[in-house]
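Source file: input-v4.tsv; contents: TSV, C-alpha atoms and all ligand atoms.
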```tsv
chain	number	residue	atom	x	y	z
A	14	MET	CA	224.32	78.45	65.50
A	15	THR	CA	223.72	82.12	64.78
A	16	GLU	CA	223.20	84.19	67.95
A	17	PRO	CA	221.09	87.37	68.30
A	18	ASN	CA	223.32	90.34	67.61
A	19	ALA	CA	224.55	91.03	71.12
A	20	ALA	CA	226.51	94.06	69.95
A	21	ILE	CA	223.47	96.14	69.10
A	22	GLU	CA	223.65	99.27	71.23
A	23	GLN	CA	221.07	100.32	73.77
A	24	ALA	CA	218.56	103.02	72.95
A	25	GLN	CA	215.00	103.33	74.13
A	26	ASN	CA	212.99	105.20	71.56
A	27	THR	CA	212.90	104.14	67.91
A	28	GLN	CA	211.73	107.46	66.55
A	29	GLU	CA	213.41	110.12	68.60
A	30	ALA	CA	216.96	108.91	68.70
A	31	PRO	CA	219.56	111.62	69.07
A	32	ASP	CA	221.84	112.08	66.10
A	33	ALA	CA	224.69	110.84	68.27
A	34	LEU	CA	223.37	107.36	67.60
A	35	GLU	CA	224.25	107.57	63.94
A	36	ALA	CA	226.94	105.10	63.05
A	37	THR	CA	230.49	106.19	62.51
A	38	GLN	CA	232.66	104.22	60.14
A	39	THR	CA	236.11	103.68	61.48
A	40	THR	CA	237.91	103.15	58.19
A	41	ALA	CA	239.31	106.69	58.14
A	42	PRO	CA	239.80	107.67	61.77
A	43	SER	CA	240.89	111.26	61.09
A	44	HIS	CA	237.82	111.96	58.91
A	45	PRO	CA	235.05	109.68	60.17
A	46	ILE	CA	232.18	109.17	57.76
A	47	HIS	CA	228.79	109.51	59.42
A	48	LYS	CA	226.37	107.02	58.06
A	49	VAL	CA	222.74	108.04	58.47
A	50	LEU	CA	220.73	105.03	59.61
A	51	SER	CA	217.00	104.44	59.17
A	52	PHE	CA	216.84	102.53	62.46
A	53	VAL	CA	218.05	102.80	66.02
A	54	ARG	CA	220.36	100.07	67.16
A	55	ARG	CA	218.81	98.51	70.22
A	56	SER	CA	219.73	95.61	72.38
A	57	ALA	CA	216.78	93.45	73.25
A	58	ARG	CA	216.62	90.33	75.30
A	59	LEU	CA	214.50	87.64	73.73
A	60	ASP	CA	211.78	86.13	75.89
A	61	PRO	CA	212.02	82.32	76.29
A	62	ARG	CA	209.55	81.67	73.44
A	63	LEU	CA	211.50	83.82	70.98
A	64	GLN	CA	214.84	82.47	72.21
A	65	ARG	CA	213.56	78.95	71.55
A	66	ALA	CA	212.45	79.99	68.08
A	67	TRP	CA	215.92	81.40	67.45
A	68	ASP	CA	217.59	78.24	68.70
A	69	ASN	CA	215.29	76.00	66.67
A	70	TYR	CA	215.10	77.83	63.39
A	71	ALA	CA	218.07	80.18	62.91
A	72	ASP	CA	220.12	77.47	61.22
A	73	THR	CA	217.34	76.88	58.70
A	74	TYR	CA	216.27	80.42	57.88
A	75	LEU	CA	218.82	83.01	59.01
A	76	LEU	CA	221.39	83.90	56.36
A	77	ASP	CA	224.97	84.21	57.50
A	78	ILE	CA	225.70	87.42	55.61
A	79	ALA	CA	226.07	90.03	58.38
A	80	ALA	CA	229.44	91.52	59.21
A	81	GLY	CA	228.77	91.03	62.90
A	82	ASN	CA	229.20	94.67	63.91
A	83	ALA	CA	226.79	97.07	65.57
A	84	ARG	CA	226.01	98.76	62.25
A	85	LEU	CA	224.48	95.59	60.84
A	86	ASP	CA	226.54	95.88	57.70
A	87	VAL	CA	226.81	93.08	55.19
A	88	ARG	CA	229.94	90.97	55.52
A	89	GLU	CA	232.77	92.03	53.24
A	90	GLY	CA	232.93	90.21	49.94
A	91	PHE	CA	229.29	89.09	50.00
A	92	ALA	CA	227.14	89.70	46.92
A	93	LEU	CA	223.47	88.83	46.46
A	94	SER	CA	223.66	87.11	43.10
A	95	LYS	CA	221.62	84.64	41.06
A	96	GLU	CA	224.13	81.96	42.04
A	97	TYR	CA	223.65	82.74	45.73
A	98	ILE	CA	219.86	82.54	45.31
A	99	GLN	CA	220.15	79.20	43.49
A	100	SER	CA	222.40	77.73	46.16
A	101	THR	CA	220.42	79.14	49.11
A	102	TRP	CA	216.83	78.60	48.01
A	103	GLY	CA	217.70	75.62	45.83
A	104	ASN	CA	215.93	77.03	42.75
A	105	SER	CA	215.87	80.06	40.47
A	106	ASN	CA	212.30	81.18	41.25
A	107	PRO	CA	211.63	84.94	41.37
A	108	LEU	CA	212.81	86.61	44.59
A	109	ILE	CA	210.75	89.16	46.52
A	110	VAL	CA	212.62	91.14	49.18
A	111	GLU	CA	210.75	92.88	52.00
A	112	ILE	CA	212.61	95.68	53.78
A	113	GLY	CA	211.77	96.09	57.47
A	114	THR	CA	209.58	93.04	58.03
A	115	GLY	CA	208.87	93.79	61.70
A	116	GLN	CA	207.22	90.75	63.28
A	117	GLY	CA	207.20	89.00	59.90
A	118	GLU	CA	203.42	88.62	59.57
A	119	ASN	CA	203.33	89.89	56.02
A	120	VAL	CA	206.37	88.21	54.51
A	121	VAL	CA	205.55	84.84	56.09
A	122	ALA	CA	201.91	84.98	54.91
A	123	ALA	CA	203.12	85.85	51.41
A	124	ALA	CA	205.65	83.01	51.43
A	125	ALA	CA	202.98	80.55	52.58
A	126	ALA	CA	200.57	81.74	49.86
A	127	HIS	CA	203.20	81.66	47.09
A	128	PRO	CA	205.40	78.58	47.30
A	129	GLU	CA	206.49	79.24	43.70
A	130	THR	CA	208.22	82.48	44.78
A	131	ASN	CA	211.29	82.99	46.98
A	132	PHE	CA	211.12	85.54	49.79
A	133	LEU	CA	213.83	87.35	51.71
A	134	ALA	CA	212.92	89.21	54.93
A	135	LEU	CA	215.26	92.04	55.97
A	136	GLU	CA	214.95	93.18	59.57
A	137	VAL	CA	217.44	94.62	62.04
A	138	TYR	CA	215.64	94.14	65.35
A	139	ASP	CA	216.28	90.86	67.23
A	140	PRO	CA	212.70	90.20	68.46
A	141	GLY	CA	211.31	90.87	64.97
A	142	VAL	CA	213.81	88.46	63.43
A	143	ALA	CA	213.03	85.85	66.10
A	144	HIS	CA	209.27	86.21	65.62
A	145	THR	CA	209.68	85.82	61.86
A	146	LEU	CA	211.74	82.68	62.46
A	147	LEU	CA	208.93	81.40	64.70
A	148	LEU	CA	206.19	82.03	62.12
A	149	ALA	CA	208.17	80.52	59.26
A	150	GLY	CA	209.40	77.56	61.32
A	151	LYS	CA	205.96	76.64	62.68
A	152	GLN	CA	204.73	76.28	59.10
A	153	GLY	CA	207.88	74.56	57.88
A	154	LEU	CA	208.17	76.98	54.95
A	155	THR	CA	210.99	76.29	52.54
A	156	ASN	CA	210.84	79.39	50.31
A	157	ILE	CA	211.74	82.09	52.85
A	158	ARG	CA	215.02	83.28	54.35
A	159	ILE	CA	215.76	86.09	56.81
A	160	ALA	CA	218.77	88.40	56.95
A	161	GLN	CA	219.53	90.62	59.94
A	162	VAL	CA	221.28	93.38	58.04
A	163	ASN	CA	220.79	97.02	57.17
A	164	ALA	CA	218.75	96.73	53.97
A	165	ALA	CA	220.44	99.78	52.44
A	166	GLU	CA	223.78	97.99	52.69
A	167	LEU	CA	222.48	94.79	51.11
A	168	PHE	CA	221.18	96.62	48.04
A	169	LYS	CA	224.65	98.11	47.52
A	170	VAL	CA	225.99	94.58	46.96
A	171	THR	CA	223.08	93.10	45.03
A	172	GLU	CA	223.90	92.15	41.47
A	173	PRO	CA	221.82	93.54	38.60
A	174	SER	CA	218.51	91.86	37.69
A	175	THR	CA	218.39	89.52	40.69
A	176	ILE	CA	215.14	90.61	42.38
A	177	ALA	CA	211.55	90.57	41.08
A	178	GLU	CA	209.98	92.91	43.64
A	179	VAL	CA	210.94	94.97	46.68
A	180	TRP	CA	208.39	95.76	49.39
A	181	THR	CA	208.61	98.45	52.07
A	182	PHE	CA	205.47	98.60	54.18
A	183	PHE	CA	204.99	101.10	56.99
A	184	PRO	CA	208.60	102.26	57.23
A	185	ASP	CA	209.62	104.04	60.43
A	186	PRO	CA	208.12	107.52	60.03
A	187	TRP	CA	210.92	109.67	61.54
A	188	PRO	CA	208.44	112.54	62.04
A	189	LYS	CA	210.83	115.30	63.13
A	190	LYS	CA	212.03	117.39	60.22
A	191	LYS	CA	215.67	117.03	61.24
A	192	HIS	CA	215.22	113.25	61.03
A	193	HIS	CA	213.64	113.10	57.57
A	194	LYS	CA	217.06	112.15	56.20
A	195	ARG	CA	216.74	108.92	58.21
A	196	ARG	CA	213.64	107.84	56.30
A	197	ILE	CA	214.54	104.71	54.41
A	198	VAL	CA	213.03	105.83	51.11
A	199	GLN	CA	215.89	107.87	49.63
A	200	SER	CA	217.16	108.36	46.08
A	201	GLU	CA	220.41	106.48	46.78
A	202	LEU	CA	218.54	103.37	47.91
A	203	ALA	CA	216.15	103.77	44.95
A	204	GLY	CA	219.17	103.74	42.61
A	205	ASN	CA	220.48	100.55	44.15
A	206	ILE	CA	217.05	98.91	44.08
A	207	HIS	CA	216.67	99.93	40.43
A	208	ASN	CA	219.93	98.16	39.65
A	209	ALA	CA	218.86	95.04	41.60
A	210	LEU	CA	215.43	94.67	39.98
A	211	ALA	CA	214.82	92.44	36.99
A	212	ASP	CA	212.95	93.79	33.93
A	213	ASP	CA	209.53	95.17	34.90
A	214	GLY	CA	210.43	94.81	38.58
A	215	VAL	CA	208.53	96.97	41.05
A	216	TRP	CA	209.09	98.63	44.39
A	217	ARG	CA	205.88	98.62	46.45
A	218	ILE	CA	205.67	101.05	49.34
A	219	ALA	CA	202.90	101.75	51.84
A	220	THR	CA	202.63	104.26	54.66
A	221	ASP	CA	199.93	105.58	56.99
A	222	ILE	CA	201.82	108.82	57.57
A	223	GLU	CA	200.66	111.63	55.27
A	224	ASP	CA	203.96	113.50	55.55
A	225	TYR	CA	205.84	110.33	54.59
A	226	ALA	CA	203.56	109.93	51.56
A	227	LEU	CA	204.63	113.40	50.40
A	228	HIS	CA	208.25	112.39	51.03
A	229	VAL	CA	207.84	109.26	48.84
A	230	HIS	CA	206.38	111.33	45.99
A	231	GLU	CA	209.19	113.87	46.28
A	232	VAL	CA	211.91	111.20	46.20
A	233	MET	CA	210.39	108.86	43.62
A	234	ASP	CA	207.96	110.54	41.22
A	235	HIS	CA	210.58	112.30	39.08
A	236	LEU	CA	213.51	109.98	39.70
A	237	ASP	CA	215.19	108.72	36.53
A	238	GLY	CA	214.42	105.05	35.91
A	239	TRP	CA	211.13	104.89	37.79
A	240	GLN	CA	207.53	105.08	36.68
A	241	ASN	CA	204.72	105.58	39.16
A	242	ILE	CA	202.16	103.06	37.84
A	243	GLY	CA	199.42	103.86	40.32
A	244	THR	CA	195.87	104.35	39.10
A	245	ILE	CA	194.20	106.42	41.81
A	246	THR	CA	194.51	110.04	42.90
A	247	ALA	CA	195.40	111.18	46.40
A	248	SER	CA	195.34	114.75	47.64
A	249	LEU	CA	198.27	115.72	49.85
A	250	PRO	CA	199.52	118.92	51.48
A	251	LEU	CA	202.44	120.42	49.58
A	252	GLU	CA	204.56	121.26	52.59
A	253	HIS	CA	206.17	119.09	55.23
A	254	VAL	CA	205.12	119.23	58.83
A	255	GLY	CA	207.28	118.26	61.76
A	256	LYS	CA	206.36	116.04	64.68
A	257	GLY	CA	203.27	117.27	66.50
A	258	ASN	CA	202.27	119.57	63.65
A	259	ALA	CA	200.40	117.05	61.50
A	260	ASP	CA	197.07	118.78	62.25
A	261	MET	CA	198.36	121.94	60.56
A	262	ALA	CA	198.59	120.04	57.28
A	263	ALA	CA	194.83	120.16	56.67
A	264	ASP	CA	194.99	123.96	56.16
A	265	MET	CA	197.95	123.87	53.80
A	266	PRO	CA	197.63	124.04	50.02
A	267	HIS	CA	197.07	120.56	48.59
A	268	ALA	CA	197.79	118.93	45.22
A	269	ASP	CA	196.83	115.65	43.55
A	270	PHE	CA	199.30	112.77	43.35
A	271	THR	CA	199.12	109.35	41.73
A	272	GLU	CA	198.99	106.40	44.10
A	273	SER	CA	197.89	102.76	44.03
A	274	GLU	CA	194.94	100.75	45.30
A	275	ARG	CA	195.72	98.79	48.45
A	276	PHE	CA	198.18	96.05	47.47
A	277	SER	CA	196.18	92.82	47.63
A	278	GLY	CA	199.32	90.87	48.59
A	279	ARG	CA	199.65	92.72	51.89
A	280	VAL	CA	198.12	91.33	55.07
A	281	LEU	CA	196.94	93.63	57.84
A	282	THR	CA	199.84	94.00	60.26
A	283	ASN	CA	199.65	95.63	63.67
A	284	PHE	CA	201.30	98.76	62.27
A	285	GLU	CA	198.63	99.18	59.60
A	286	LYS	CA	195.89	98.34	62.12
A	287	LYS	CA	197.11	101.02	64.54
A	288	GLY	CA	197.20	103.56	61.72
A	289	LEU	CA	193.64	102.73	60.68
A	290	GLU	CA	192.41	102.81	64.29
A	291	ALA	CA	193.92	106.28	64.65
A	292	GLY	CA	191.90	107.38	61.61
A	293	ARG	CA	194.87	107.67	59.28
A	294	VAL	CA	194.65	107.05	55.54
A	295	ILE	CA	196.87	104.36	54.04
A	296	HIS	CA	198.92	105.42	51.01
A	297	ASP	CA	200.06	102.67	48.63
A	298	PHE	CA	202.65	103.22	45.90
A	299	THR	CA	203.88	101.07	43.01
A	300	TYR	CA	207.01	102.21	41.22
A	301	GLN	CA	208.16	100.21	38.22
A	302	ALA	CA	211.82	100.18	37.21
A	303	VAL	CA	212.14	101.41	33.62
A	304	ALA	CA	215.18	102.16	31.44
A	305	LEU	CA	217.35	105.05	32.59
A	306	ARG	CA	217.16	108.12	30.33
A	401	LIG	C1	207.33	100.54	61.54
A	401	LIG	S1	208.04	98.96	61.38
A	401	LIG	C2	206.98	98.16	60.19
A	401	LIG	C3	207.12	96.67	60.18
A	401	LIG	C4	206.30	95.91	59.14
A	401	LIG	N1	206.64	96.29	57.79
A	401	LIG	C5	204.83	96.06	59.37
A	401	LIG	O1	204.13	96.68	58.57
A	401	LIG	O2	204.37	95.54	60.40
A	401	LIG	C6	209.51	99.28	60.43
A	401	LIG	C7	210.54	98.18	60.57
A	401	LIG	O3	211.63	98.45	59.69
A	401	LIG	C8	212.84	98.02	60.33
A	401	LIG	N2	213.95	98.72	59.67
A	401	LIG	C9	214.19	100.05	59.69
A	401	LIG	N3	215.28	100.34	58.95
A	401	LIG	C10	215.74	99.16	58.45
A	401	LIG	C11	216.84	98.81	57.63
A	401	LIG	N4	217.68	99.76	57.17
A	401	LIG	N5	217.03	97.52	57.30
A	401	LIG	C12	216.17	96.57	57.77
A	401	LIG	N6	215.10	96.84	58.56
A	401	LIG	C13	214.89	98.13	58.90
A	401	LIG	C14	212.61	98.38	61.78
A	401	LIG	O4	213.43	97.64	62.67
A	401	LIG	C15	211.13	98.05	61.97
A	401	LIG	O5	210.93	96.73	62.41
```

Structure rendered as structure tokens:
Amino acid sequence: MTEPNAAIEQAQNTQEAPDALEATQTTAPSHPIHKVLSFVRRSARLDPRLQRAWDNYADTYLLDIAAGNARLDVREGFALSKEYIQSTWGNSNPLIVEIGTGQGENVVAAAAAHPETNFLALEVYDPGVAHTLLLAGKQGLTNIRIAQVNAAELFKVTEPSTIAEVWTFFPDPWPKKKHHKRRIVQSELAGNIHNALADDGVWRIATDIEDYALHVHEVMDHLDGWQNIGTITASLPLEHVGKGNADMAADMPHADFTESERFSGRVLTNFEKKGLEAGRVIHDFTYQAVALR
């Protein structure tokens, strides 16, 4: 039976983690490589309900692909391939991968609504993984699996043309300027997702943080191999603001950017609800993988 990752380090605040929490690879002790992580490694005890869900459903849904270290790397030698999908899901249906599934509301609802599609939930946080197991298990879904790994690492070992769509909804905002490098949407990940997507595959992104929307446009709009296929226009400030300065953005020069209508395949999660309640605008993006120049 797979156990919750007991090695995850303690840290209290997801957004304001000191840089000291960044992982250090130990392969070259004299010149350690600092890996910038999009999440804070936290230990979390599961309440009895979530522990029961883990005990009941981990064998069915949780993929045994993690290296078992605090960095939540993928185990050495593993590759996400068409053969692995066939043997794990038992078919060759299209695969949709959601990065950072949180409590799992969205990915489980999508899996229930689309039995003809395979779904893979990627989440690092124990209670989120356990809650996703609970939701999937209660419905007895057969087309969803969950992996507790750093998504960025999984895309490094995903074989070309294996995934139909990638979803990243309400990624951790990392509001401080010095933490923008920890935002999960980065050109390196985009390159690996581009490689993993099948023809006409798309990466759907949504955020309620205006500064993150600007970040997505900066990373993605002119990146080789991607086409922004949105159909609506959004006005955004042209400069970044740090934490606590978001109000300043209204007075900054703005420009128009192309974005998408709300993705109809997304259910309202608590993260989106909180954003809406706080009066924030939701930004949806659809980037299609096209041939590299
Ligand atoms: C703000 S929450 C949003 C959750 C969910 N998408 C929603 O809308 O409710 C972001 C989630 O991404 C997860 N996350 C951050 N970086 C990740 C990574 N590199 N791999 C997998 N999950 C990650 C976090 O643990 C967190 O649960």

Residue nearest Gln161 in chain A among A:Tyr74, A:Phe284, A:Tyr300, A:Trp102 (counting all atoms listed in the file):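 Closest residue, counting all atoms listed in the file: A:Tyr74.
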
Counting all atoms listed in the file, which protein, DNA or RNA residues come within 8 Å of ligand LIG 401 (chain A), given as a count of residues only? 36

Set the distance at 8 Å and use all atoms listed in the file: which residues neighbour Lys256 in chain A once local chain neighbours fewer than 5 positions away are removed? I'd like the list as a VMD selection string. chain A and resid 188 to 190

For those residues, write C-alpha atoms to a file as a CSV table (one decimal), in the frame of the given file.
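Result went into result33.csv, see below:
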```
chain,number,residue,atom,x,y,z
A,188,PRO,CA,208.4,112.5,62.0
A,189,LYS,CA,210.8,115.3,63.1
A,190,LYS,CA,212.0,117.4,60.2
```

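The residue that comes closest to Ala79 in chain A, out of A:Ala219, A:Ile159, A:Val280, A:Ala177 and on the basis of all atoms listed in the file, is A:Ile159.
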
Go through A:Lys286, A:Ser273, A:Thr155, A:Leu76 and flag the residue nearest Thr244 in chain A, using only C-alpha atoms for the distances.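 Looking only at the distances to Thr244 in chain A, the closest residue turns out to be A:Ser273.
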
How many Å lie between CA of Ala134 in chain A and CA of Ile109 in chain A, rounded to one decimal? 8.7 Å

Quote the spacing between CA of Met233 in chain A and CA of Leu249 in chain A in Å to one decimal place.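 Computing it gives 15.3 Å between the two atoms.
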
Using all atoms listed in the file for the distances, tell me which of A:Ala247, A:Glu252, A:Trp239, A:Glu129 is nearest to Asp269 in chain A. A:Ala247

Could you work out how far CA of Thr101 in chain A lies from CA of Tyr70 in chain A, giving the answer in Å with one decimal? 15.3 Å

When distances are computed from all atoms listed in the file, which of A:Leu154, A:Ala123, A:Leu251, A:Val294 shows the smallest separation from Thr220 in chain A?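 Checking each of A:Leu154, A:Ala123, A:Leu251, A:Val294 against Thr220 in chain A, counting all atoms listed in the file, the winner is A:Val294.
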
Show me the residues around (210.8, 76.5, 61.3) - criterion: an atom at most 10 Å away, only C-alpha atoms counted - as a ChimeraX atom specification. /A:66-67,69-74,145-155

Quick one: write out the picked residues with C-alpha atoms as a PDB file, keeping the file's coordinate frame?
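Okay, this is what ended up in part_16.pdb:
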```pdb
ATOM      1  CA  ALA A  66     212.450  79.990  68.080  1.00  0.00           C
ATOM      2  CA  TRP A  67     215.920  81.400  67.450  1.00  0.00           C
ATOM      3  CA  ASN A  69     215.290  76.000  66.670  1.00  0.00           C
ATOM      4  CA  TYR A  70     215.100  77.830  63.390  1.00  0.00           C
ATOM      5  CA  ALA A  71     218.070  80.180  62.910  1.00  0.00           C
ATOM      6  CA  ASP A  72     220.120  77.470  61.220  1.00  0.00           C
ATOM      7  CA  THR A  73     217.340  76.880  58.700  1.00  0.00           C
ATOM      8  CA  TYR A  74     216.270  80.420  57.880  1.00  0.00           C
ATOM      9  CA  THR A 145     209.680  85.820  61.860  1.00  0.00           C
ATOM     10  CA  LEU A 146     211.740  82.680  62.460  1.00  0.00           C
ATOM     11  CA  LEU A 147     208.930  81.400  64.700  1.00  0.00           C
ATOM     12  CA  LEU A 148     206.190  82.030  62.120  1.00  0.00           C
ATOM     13  CA  ALA A 149     208.170  80.520  59.260  1.00  0.00           C
ATOM     14  CA  GLY A 150     209.400  77.560  61.320  1.00  0.00           C
ATOM     15  CA  LYS A 151     205.960  76.640  62.680  1.00  0.00           C
ATOM     16  CA  GLN A 152     204.730  76.280  59.100  1.00  0.00           C
ATOM     17  CA  GLY A 153     207.880  74.560  57.880  1.00  0.00           C
ATOM     18  CA  LEU A 154     208.170  76.980  54.950  1.00  0.00           C
ATOM     19  CA  THR A 155     210.990  76.290  52.540  1.00  0.00           C
TER      20      THR A 155
END
```

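With distances taken from (210.5, 112.4, 45.6) and restricted to all atoms listed in the file, the residues inside 12 Å are Val198, Gln199, Ser200, Glu201, Ala203, Asp224, Tyr225, Ala226, Leu227, His228, Val229, His230, Glu231, Val232, Met233, Asp234, His235, Leu236, Asp237, Trp239, Gln240, Asn241, Phe270 and Tyr300 of chain A.
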
Would you mind exporting C-alpha atoms of the selected residues as a PDB file, in the coordinates of the input?
```pdb
ATOM      1  CA  VAL A 198     213.030 105.830  51.110  1.00  0.00           C
ATOM      2  CA  GLN A 199     215.890 107.870  49.630  1.00  0.00           C
ATOM      3  CA  SER A 200     217.160 108.360  46.080  1.00  0.00           C
ATOM      4  CA  GLU A 201     220.410 106.480  46.780  1.00  0.00           C
ATOM      5  CA  ALA A 203     216.150 103.770  44.950  1.00  0.00           C
ATOM      6  CA  ASP A 224     203.960 113.500  55.550  1.00  0.00           C
ATOM      7  CA  TYR A 225     205.840 110.330  54.590  1.00  0.00           C
ATOM      8  CA  ALA A 226     203.560 109.930  51.560  1.00  0.00           C
ATOM      9  CA  LEU A 227     204.630 113.400  50.400  1.00  0.00           C
ATOM     10  CA  HIS A 228     208.250 112.390  51.030  1.00  0.00           C
ATOM     11  CA  VAL A 229     207.840 109.260  48.840  1.00  0.00           C
ATOM     12  CA  HIS A 230     206.380 111.330  45.990  1.00  0.00           C
ATOM     13  CA  GLU A 231     209.190 113.870  46.280  1.00  0.00           C
ATOM     14  CA  VAL A 232     211.910 111.200  46.200  1.00  0.00           C
ATOM     15  CA  MET A 233     210.390 108.860  43.620  1.00  0.00           C
ATOM     16  CA  ASP A 234     207.960 110.540  41.220  1.00  0.00           C
ATOM     17  CA  HIS A 235     210.580 112.300  39.080  1.00  0.00           C
ATOM     18  CA  LEU A 236     213.510 109.980  39.700  1.00  0.00           C
ATOM     19  CA  ASP A 237     215.190 108.720  36.530  1.00  0.00           C
ATOM     20  CA  TRP A 239     211.130 104.890  37.790  1.00  0.00           C
ATOM     21  CA  GLN A 240     207.530 105.080  36.680  1.00  0.00           C
ATOM     22  CA  ASN A 241     204.720 105.580  39.160  1.00  0.00           C
ATOM     23  CA  PHE A 270     199.300 112.770  43.350  1.00  0.00           C
ATOM     24  CA  TYR A 300     207.010 102.210  41.220  1.00  0.00           C
TER      25      TYR A 300
END
```

I'd like the box whose edges run along x, y and z of the file and which contains every listed atom of range 271-276 of chain A, padded by 6 Å per side; could you state its centre and edge lengths in Å, one decimal, as lines of an AutoDock Vina configuration file?
```
center_x = 197.0
center_y = 102.7
center_z = 45.1
size_x = 16.2
size_y = 25.3
size_z = 18.7
```

For Gly214 in chain A: contacts at 10 Å, only C-alpha atoms, fewer than 3 positions along chain excluded, given as an MDAnalysis selection string: chainID A and resid 109 174:179 206:207 209:211 217 300:303

Between A:Pro266, A:Ala143, A:Val120, A:His192, which is the closest to Gly278 in chain A once you count only C-alpha atoms? A:Val120
